[in-house]
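File shown: data_34.cif. Contents: mmCIF, N, CA and C atoms and all ligand atoms.
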data_structure
loop_
_atom_site.label_atom_id
_atom_site.label_comp_id
_atom_site.auth_asym_id
_atom_site.auth_seq_id
_atom_site.Cartn_x
_atom_site.Cartn_y
_atom_site.Cartn_z
N MET A 277 103.77 94.49 88.87
CA MET A 277 102.33 94.34 88.73
C MET A 277 101.65 94.86 89.99
N PRO A 278 100.68 95.76 89.84
CA PRO A 278 100.07 96.38 91.00
C PRO A 278 99.45 95.40 92.00
N ASN A 279 98.82 94.34 91.53
CA ASN A 279 98.15 93.44 92.46
C ASN A 279 99.04 92.29 92.90
N GLY A 280 100.26 92.28 92.45
CA GLY A 280 101.21 91.26 92.88
C GLY A 280 101.01 89.90 92.26
N LYS A 281 100.03 89.76 91.37
CA LYS A 281 99.79 88.46 90.74
C LYS A 281 100.44 88.42 89.37
N LYS A 282 100.90 87.27 89.01
CA LYS A 282 101.42 87.07 87.67
C LYS A 282 100.32 86.42 86.84
N ASN A 283 100.45 86.56 85.52
CA ASN A 283 99.42 86.01 84.63
C ASN A 283 99.14 84.54 84.90
N ASN A 284 100.17 83.76 85.13
CA ASN A 284 99.96 82.33 85.28
C ASN A 284 99.44 81.95 86.66
N GLU A 285 99.27 82.92 87.56
CA GLU A 285 98.74 82.63 88.88
C GLU A 285 97.23 82.77 88.92
N ARG A 286 96.64 83.25 87.85
CA ARG A 286 95.19 83.43 87.83
C ARG A 286 94.49 82.11 87.61
N ASN A 287 93.25 82.06 88.05
CA ASN A 287 92.44 80.86 87.82
C ASN A 287 91.84 80.87 86.42
N SER A 288 91.66 82.06 85.85
CA SER A 288 91.06 82.18 84.53
C SER A 288 92.03 81.68 83.45
N PRO A 289 91.49 80.98 82.44
CA PRO A 289 92.36 80.55 81.34
C PRO A 289 92.75 81.69 80.41
N VAL A 290 92.09 82.85 80.56
CA VAL A 290 92.38 83.98 79.68
C VAL A 290 93.61 84.72 80.20
N PRO A 291 94.67 84.80 79.40
CA PRO A 291 95.84 85.54 79.86
C PRO A 291 95.56 87.04 79.90
N TYR A 292 96.19 87.72 80.81
CA TYR A 292 95.94 89.15 80.97
C TYR A 292 97.19 89.94 80.65
N SER A 293 96.96 91.21 80.31
CA SER A 293 98.04 92.11 79.99
C SER A 293 97.70 93.46 80.60
N TRP A 294 98.40 94.50 80.17
CA TRP A 294 98.16 95.85 80.68
C TRP A 294 97.78 96.76 79.54
N CYS A 295 96.93 97.74 79.84
CA CYS A 295 96.52 98.73 78.85
C CYS A 295 97.78 99.39 78.26
N HIS A 296 97.77 99.60 76.94
CA HIS A 296 98.94 100.14 76.27
C HIS A 296 98.99 101.67 76.25
N ALA A 297 97.98 102.32 76.82
CA ALA A 297 98.05 103.78 76.95
C ALA A 297 99.14 104.11 77.96
N ARG A 298 99.93 105.12 77.65
CA ARG A 298 101.06 105.45 78.51
C ARG A 298 100.59 105.82 79.92
N GLY A 299 101.19 105.17 80.90
CA GLY A 299 100.88 105.48 82.29
C GLY A 299 99.65 104.79 82.84
N CYS A 300 98.92 104.06 82.01
CA CYS A 300 97.69 103.40 82.47
C CYS A 300 98.07 102.04 83.08
N LEU A 301 97.51 101.77 84.24
CA LEU A 301 97.82 100.52 84.94
C LEU A 301 96.64 99.55 84.94
N HIS A 302 95.64 99.82 84.09
CA HIS A 302 94.49 98.92 84.04
C HIS A 302 94.87 97.58 83.41
N GLU A 303 94.43 96.54 84.05
CA GLU A 303 94.65 95.19 83.55
C GLU A 303 93.58 94.89 82.50
N ILE A 304 93.99 94.28 81.42
CA ILE A 304 93.07 93.97 80.33
C ILE A 304 93.29 92.54 79.84
N ARG A 305 92.31 92.02 79.13
CA ARG A 305 92.49 90.71 78.50
C ARG A 305 93.63 90.81 77.49
N HIS A 306 94.33 89.73 77.32
CA HIS A 306 95.52 89.74 76.47
C HIS A 306 95.19 90.07 75.01
N ASP A 307 93.96 89.77 74.59
CA ASP A 307 93.59 90.03 73.21
C ASP A 307 93.06 91.46 73.01
N LYS A 308 93.12 92.28 74.03
CA LYS A 308 92.73 93.69 73.91
C LYS A 308 93.98 94.54 73.92
N LEU A 309 93.83 95.76 73.43
CA LEU A 309 94.96 96.68 73.38
C LEU A 309 94.88 97.75 74.47
N PHE A 310 93.65 98.19 74.73
CA PHE A 310 93.44 99.25 75.70
C PHE A 310 92.33 98.87 76.67
N CYS A 311 92.31 99.51 77.83
CA CYS A 311 91.21 99.34 78.76
C CYS A 311 89.98 100.02 78.15
N VAL A 312 88.82 99.76 78.71
CA VAL A 312 87.57 100.30 78.17
C VAL A 312 87.61 101.83 78.16
N GLU A 313 88.14 102.41 79.24
CA GLU A 313 88.19 103.87 79.34
C GLU A 313 88.99 104.48 78.19
N HIS A 314 90.16 103.93 77.91
CA HIS A 314 90.98 104.48 76.83
C HIS A 314 90.41 104.13 75.45
N TRP A 315 89.84 102.95 75.32
CA TRP A 315 89.24 102.58 74.04
C TRP A 315 88.14 103.57 73.67
N ARG A 316 87.33 103.96 74.67
CA ARG A 316 86.22 104.88 74.41
C ARG A 316 86.68 106.30 74.10
N GLN A 317 87.91 106.63 74.48
CA GLN A 317 88.45 107.96 74.17
C GLN A 317 88.91 108.08 72.72
N LEU A 318 89.04 106.93 72.07
CA LEU A 318 89.54 106.96 70.69
C LEU A 318 88.44 107.36 69.72
N PRO A 319 88.77 108.21 68.76
CA PRO A 319 87.81 108.50 67.69
C PRO A 319 87.51 107.20 66.93
N TYR A 320 86.29 107.12 66.45
CA TYR A 320 85.85 105.89 65.78
C TYR A 320 86.77 105.46 64.63
N PRO A 321 87.26 106.38 63.78
CA PRO A 321 88.16 105.94 62.70
C PRO A 321 89.42 105.25 63.23
N MET A 322 89.93 105.68 64.37
CA MET A 322 91.10 105.01 64.96
C MET A 322 90.74 103.61 65.44
N GLN A 323 89.59 103.49 66.09
CA GLN A 323 89.15 102.16 66.53
C GLN A 323 89.02 101.24 65.32
N LEU A 324 88.41 101.78 64.27
CA LEU A 324 88.18 100.99 63.07
C LEU A 324 89.49 100.56 62.42
N SER A 325 90.48 101.45 62.40
CA SER A 325 91.78 101.10 61.82
C SER A 325 92.45 99.98 62.59
N LEU A 326 92.37 100.05 63.93
CA LEU A 326 92.97 98.99 64.74
C LEU A 326 92.31 97.64 64.45
N VAL A 327 91.00 97.65 64.32
CA VAL A 327 90.28 96.41 64.05
C VAL A 327 90.57 95.92 62.64
N ASP A 328 90.56 96.83 61.68
CA ASP A 328 90.75 96.45 60.27
C ASP A 328 92.14 95.85 60.01
N PHE A 329 93.15 96.38 60.68
CA PHE A 329 94.51 95.91 60.41
C PHE A 329 94.97 94.84 61.40
N TYR A 330 94.07 94.44 62.30
CA TYR A 330 94.38 93.37 63.24
C TYR A 330 94.42 92.04 62.49
N THR A 331 95.41 91.22 62.78
CA THR A 331 95.51 89.89 62.20
C THR A 331 95.14 88.86 63.27
N VAL A 332 94.17 88.03 62.98
CA VAL A 332 93.74 87.01 63.94
C VAL A 332 94.94 86.15 64.32
N GLY A 333 95.16 86.00 65.62
CA GLY A 333 96.25 85.18 66.12
C GLY A 333 97.52 85.95 66.43
N GLN A 334 97.54 87.24 66.12
CA GLN A 334 98.76 88.02 66.38
C GLN A 334 99.03 88.17 67.88
N ASP A 335 97.97 88.15 68.69
CA ASP A 335 98.15 88.31 70.13
C ASP A 335 98.60 87.02 70.82
N THR A 336 98.45 85.90 70.14
CA THR A 336 98.88 84.63 70.74
C THR A 336 100.18 84.12 70.13
N GLY A 337 100.68 84.84 69.13
CA GLY A 337 101.91 84.42 68.48
C GLY A 337 101.68 83.45 67.34
N ASP A 338 100.39 83.17 67.03
CA ASP A 338 100.07 82.26 65.94
C ASP A 338 100.16 82.95 64.58
N ALA A 339 100.15 84.26 64.58
CA ALA A 339 100.24 85.01 63.32
C ALA A 339 101.09 86.25 63.57
N LYS A 340 101.64 86.76 62.50
CA LYS A 340 102.48 87.96 62.60
C LYS A 340 101.63 89.20 62.33
N ALA A 341 101.75 90.20 63.19
CA ALA A 341 101.01 91.45 62.99
C ALA A 341 101.58 92.19 61.79
N LEU A 342 100.71 92.89 61.10
CA LEU A 342 101.13 93.68 59.95
C LEU A 342 101.94 94.89 60.41
N PRO A 343 102.97 95.26 59.64
CA PRO A 343 103.73 96.47 60.00
C PRO A 343 102.83 97.69 60.14
N ARG A 344 101.80 97.78 59.30
CA ARG A 344 100.86 98.91 59.35
C ARG A 344 100.13 98.95 60.69
N TRP A 345 99.85 97.78 61.24
CA TRP A 345 99.14 97.72 62.52
C TRP A 345 100.00 98.38 63.62
N TYR A 346 101.30 98.10 63.62
CA TYR A 346 102.18 98.73 64.60
C TYR A 346 102.23 100.25 64.42
N GLU A 347 102.20 100.69 63.17
CA GLU A 347 102.18 102.13 62.91
C GLU A 347 100.91 102.76 63.49
N ILE A 348 99.79 102.07 63.31
CA ILE A 348 98.52 102.59 63.83
C ILE A 348 98.54 102.62 65.36
N VAL A 349 99.08 101.58 65.98
CA VAL A 349 99.17 101.54 67.44
C VAL A 349 100.00 102.72 67.95
N THR A 350 101.11 103.00 67.31
CA THR A 350 101.94 104.14 67.70
C THR A 350 101.17 105.44 67.57
N CYS A 351 100.46 105.59 66.46
CA CYS A 351 99.66 106.80 66.22
C CYS A 351 98.58 106.94 67.29
N VAL A 352 97.89 105.87 67.57
CA VAL A 352 96.79 105.90 68.54
C VAL A 352 97.33 106.18 69.95
N THR A 353 98.42 105.56 70.31
CA THR A 353 99.01 105.77 71.63
C THR A 353 99.47 107.22 71.78
N ASN A 354 100.07 107.78 70.72
CA ASN A 354 100.47 109.19 70.75
C ASN A 354 99.24 110.09 70.88
N HIS A 355 98.17 109.75 70.20
CA HIS A 355 96.93 110.53 70.28
C HIS A 355 96.41 110.56 71.71
N LEU A 356 96.35 109.38 72.34
CA LEU A 356 95.85 109.31 73.72
C LEU A 356 96.73 110.13 74.66
N SER A 357 98.03 110.04 74.48
CA SER A 357 98.95 110.78 75.33
C SER A 357 98.76 112.29 75.14
N PHE A 358 98.62 112.71 73.88
CA PHE A 358 98.40 114.13 73.57
C PHE A 358 97.09 114.63 74.21
N MET A 359 96.03 113.84 74.06
CA MET A 359 94.73 114.26 74.61
C MET A 359 94.78 114.37 76.13
N GLU A 360 95.48 113.44 76.77
CA GLU A 360 95.56 113.49 78.23
C GLU A 360 96.37 114.71 78.69
N LYS A 361 97.40 115.06 77.94
CA LYS A 361 98.18 116.27 78.28
C LYS A 361 97.32 117.51 78.10
N GLN A 362 96.52 117.54 77.05
CA GLN A 362 95.63 118.69 76.81
C GLN A 362 94.63 118.83 77.95
N CYS A 363 94.06 117.71 78.38
CA CYS A 363 93.10 117.74 79.49
C CYS A 363 93.77 118.21 80.77
N ALA A 364 95.00 117.76 81.01
CA ALA A 364 95.72 118.16 82.23
C ALA A 364 95.99 119.66 82.21
N ARG A 365 96.31 120.22 81.02
CA ARG A 365 96.56 121.67 80.91
C ARG A 365 95.28 122.47 81.19
N GLN A 366 94.15 121.97 80.70
CA GLN A 366 92.90 122.68 80.90
C GLN A 366 92.46 122.69 82.36
N LYS A 367 92.84 121.64 83.09
CA LYS A 367 92.46 121.55 84.50
C LYS A 367 93.34 122.45 85.38
N SER A 368 94.57 122.74 84.91
CA SER A 368 95.48 123.55 85.77
C SER A 368 95.34 125.03 85.48
ZN ZN A 401 93.93 102.39 79.89
#
If you took the structure in this file and wrote it as structure tokens, what would it be?
Ligand SMILES: [Zn+2]
Amino acid sequence: MPNGKKNNERNSPVPYSWCHARGCLHEIRHDKLFCVEHWRQLPYPMQLSLVDFYTVGQDTGDAKALPRWYEIVTCVTNHLSFMEKQCARQKS
């Protein structure tokens, strides 16, 4: 962990996690999937799919995520990775 703190060492009752975009080290609330920067890079239909297939309680272990939701996460994560590689190529 970049800041050396563990989730249970925080004063906030909200557990924290890390952005799921590959290589991103932004800390996020546990009930989020991506940091704001990566979330905003997603096309609206992808954002909508993540929200639509989200099951309340899946992030706390109270409910099981749908298999389709994992498929969408993989698709979205691949999209972000592809877009970042494209941007890196254009800059070089
Ligand atoms: Zn991120």
>> Can you pull out every residue with an atom within 5 Å of ligand ZN 401 (chain A)? Use all atoms listed in the file and format it as a count of residues only.
In response: 4
Which residues in chain A does DSSP call strand (DSSP E or B)? List them as a PDB file with N, CA and C atoms, keeping the file's coordinate frame.
ATOM      1  N   TYR A 292      96.190  87.720  80.810  1.00  0.00           N
ATOM      2  CA  TYR A 292      95.940  89.150  80.970  1.00  0.00           C
ATOM      3  C   TYR A 292      97.190  89.940  80.650  1.00  0.00           C
ATOM      4  N   SER A 293      96.960  91.210  80.310  1.00  0.00           N
ATOM      5  CA  SER A 293      98.040  92.110  79.990  1.00  0.00           C
ATOM      6  C   SER A 293      97.700  93.460  80.600  1.00  0.00           C
ATOM      7  N   TRP A 294      98.400  94.500  80.170  1.00  0.00           N
ATOM      8  CA  TRP A 294      98.160  95.850  80.680  1.00  0.00           C
ATOM      9  C   TRP A 294      97.780  96.760  79.540  1.00  0.00           C
ATOM     10  N   GLU A 303      94.430  96.540  84.050  1.00  0.00           N
ATOM     11  CA  GLU A 303      94.650  95.190  83.550  1.00  0.00           C
ATOM     12  C   GLU A 303      93.580  94.890  82.500  1.00  0.00           C
ATOM     13  N   ILE A 304      93.990  94.280  81.420  1.00  0.00           N
ATOM     14  CA  ILE A 304      93.070  93.970  80.330  1.00  0.00           C
ATOM     15  C   ILE A 304      93.290  92.540  79.840  1.00  0.00           C
ATOM     16  N   ARG A 305      92.310  92.020  79.130  1.00  0.00           N
ATOM     17  CA  ARG A 305      92.490  90.710  78.500  1.00  0.00           C
ATOM     18  C   ARG A 305      93.630  90.810  77.490  1.00  0.00           C
TER      19      ARG A 305
END
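Minimum distance to Asp335 in chain A across A:Lys361, A:Arg316, A:His306, A:His296 (counting all atoms listed in the file) occurs at A:His306.
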>> One decimal, in Å: what's the spacing between CA of Trp294 in chain A and CA of Thr353 in chain A?
In response: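 Rounded to one decimal, the two atoms are 13.5 Å apart.
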> Which residue gives the smallest distance to Thr350 in chain A among A:Ile304, A:Gly299, A:Arg365, A:Leu326, with only C-alpha atoms counted?
Replying inline: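 Among the listed residues, A:Leu326 lies closest to Thr350 in chain A.
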> atom C of Ile348 in chain A and CA of Glu360 in chain A are how many Å apart?
Replying inline: 17.1 Å
> Where does DSSP see helix (DSSP H, G or I) in chain A, if you list the residues as an MDAnalysis selection string?
Replying inline: chainID A and resid 283:285 312:317 320:328 343:367
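Pairwise distance (atom C of Ser357 in chain A, atom N of Pro321 in chain A) equals 17.2 Å.
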Applying 10 Å and only C-alpha atoms, which residues near Val349 in chain A remain after dropping the ones on its own chain fewer than 3 positions away? List them as a PDB file with N, CA and C atoms, keeping the file's coordinate frame.
ATOM      1  N   HIS A 296      97.770  99.600  76.940  1.00  0.00           N
ATOM      2  CA  HIS A 296      98.940 100.140  76.270  1.00  0.00           C
ATOM      3  C   HIS A 296      98.990 101.670  76.250  1.00  0.00           C
ATOM      4  N   ALA A 297      97.980 102.320  76.820  1.00  0.00           N
ATOM      5  CA  ALA A 297      98.050 103.780  76.950  1.00  0.00           C
ATOM      6  C   ALA A 297      99.140 104.110  77.960  1.00  0.00           C
ATOM      7  N   LEU A 309      93.830  95.760  73.430  1.00  0.00           N
ATOM      8  CA  LEU A 309      94.960  96.680  73.380  1.00  0.00           C
ATOM      9  C   LEU A 309      94.880  97.750  74.470  1.00  0.00           C
ATOM     10  N   MET A 322      89.930 105.680  64.370  1.00  0.00           N
ATOM     11  CA  MET A 322      91.100 105.010  64.960  1.00  0.00           C
ATOM     12  C   MET A 322      90.740 103.610  65.440  1.00  0.00           C
ATOM     13  N   SER A 325      90.480 101.450  62.400  1.00  0.00           N
ATOM     14  CA  SER A 325      91.780 101.100  61.820  1.00  0.00           C
ATOM     15  C   SER A 325      92.450  99.980  62.590  1.00  0.00           C
ATOM     16  N   LEU A 326      92.370 100.050  63.930  1.00  0.00           N
ATOM     17  CA  LEU A 326      92.970  98.990  64.740  1.00  0.00           C
ATOM     18  C   LEU A 326      92.310  97.640  64.450  1.00  0.00           C
ATOM     19  N   ARG A 344     101.800  97.780  59.300  1.00  0.00           N
ATOM     20  CA  ARG A 344     100.860  98.910  59.350  1.00  0.00           C
ATOM     21  C   ARG A 344     100.130  98.950  60.690  1.00  0.00           C
ATOM     22  N   TRP A 345      99.850  97.780  61.240  1.00  0.00           N
ATOM     23  CA  TRP A 345      99.140  97.720  62.520  1.00  0.00           C
ATOM     24  C   TRP A 345     100.000  98.380  63.620  1.00  0.00           C
ATOM     25  N   TYR A 346     101.300  98.100  63.620  1.00  0.00           N
ATOM     26  CA  TYR A 346     102.180  98.730  64.600  1.00  0.00           C
ATOM     27  C   TYR A 346     102.230 100.250  64.420  1.00  0.00           C
ATOM     28  N   VAL A 352      97.890 105.870  67.570  1.00  0.00           N
ATOM     29  CA  VAL A 352      96.790 105.900  68.540  1.00  0.00           C
ATOM     30  C   VAL A 352      97.330 106.180  69.950  1.00  0.00           C
ATOM     31  N   THR A 353      98.420 105.560  70.310  1.00  0.00           N
ATOM     32  CA  THR A 353      99.010 105.770  71.630  1.00  0.00           C
ATOM     33  C   THR A 353      99.470 107.220  71.780  1.00  0.00           C
ATOM     34  N   ASN A 354     100.070 107.780  70.720  1.00  0.00           N
ATOM     35  CA  ASN A 354     100.470 109.190  70.750  1.00  0.00           C
ATOM     36  C   ASN A 354      99.240 110.090  70.880  1.00  0.00           C
ATOM     37  N   HIS A 355      98.170 109.750  70.200  1.00  0.00           N
ATOM     38  CA  HIS A 355      96.930 110.530  70.280  1.00  0.00           C
ATOM     39  C   HIS A 355      96.410 110.560  71.710  1.00  0.00           C
TER      40      HIS A 355
END
>> Please determine, counting only C-alpha atoms, which residue among A:Cys351, A:Lys308, A:Leu318, A:Glu313 has the shortest atom-to-atom distance to Gln334 in chain A.
In response: A:Lys308
>> My list of candidates is A:Leu356, A:Gln362, A:Lys367, A:Val312. Which is closest to Arg298 in chain A when distances are computed with all atoms listed in the file?
In response: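 Closest residue, counting all atoms listed in the file: A:Leu356.
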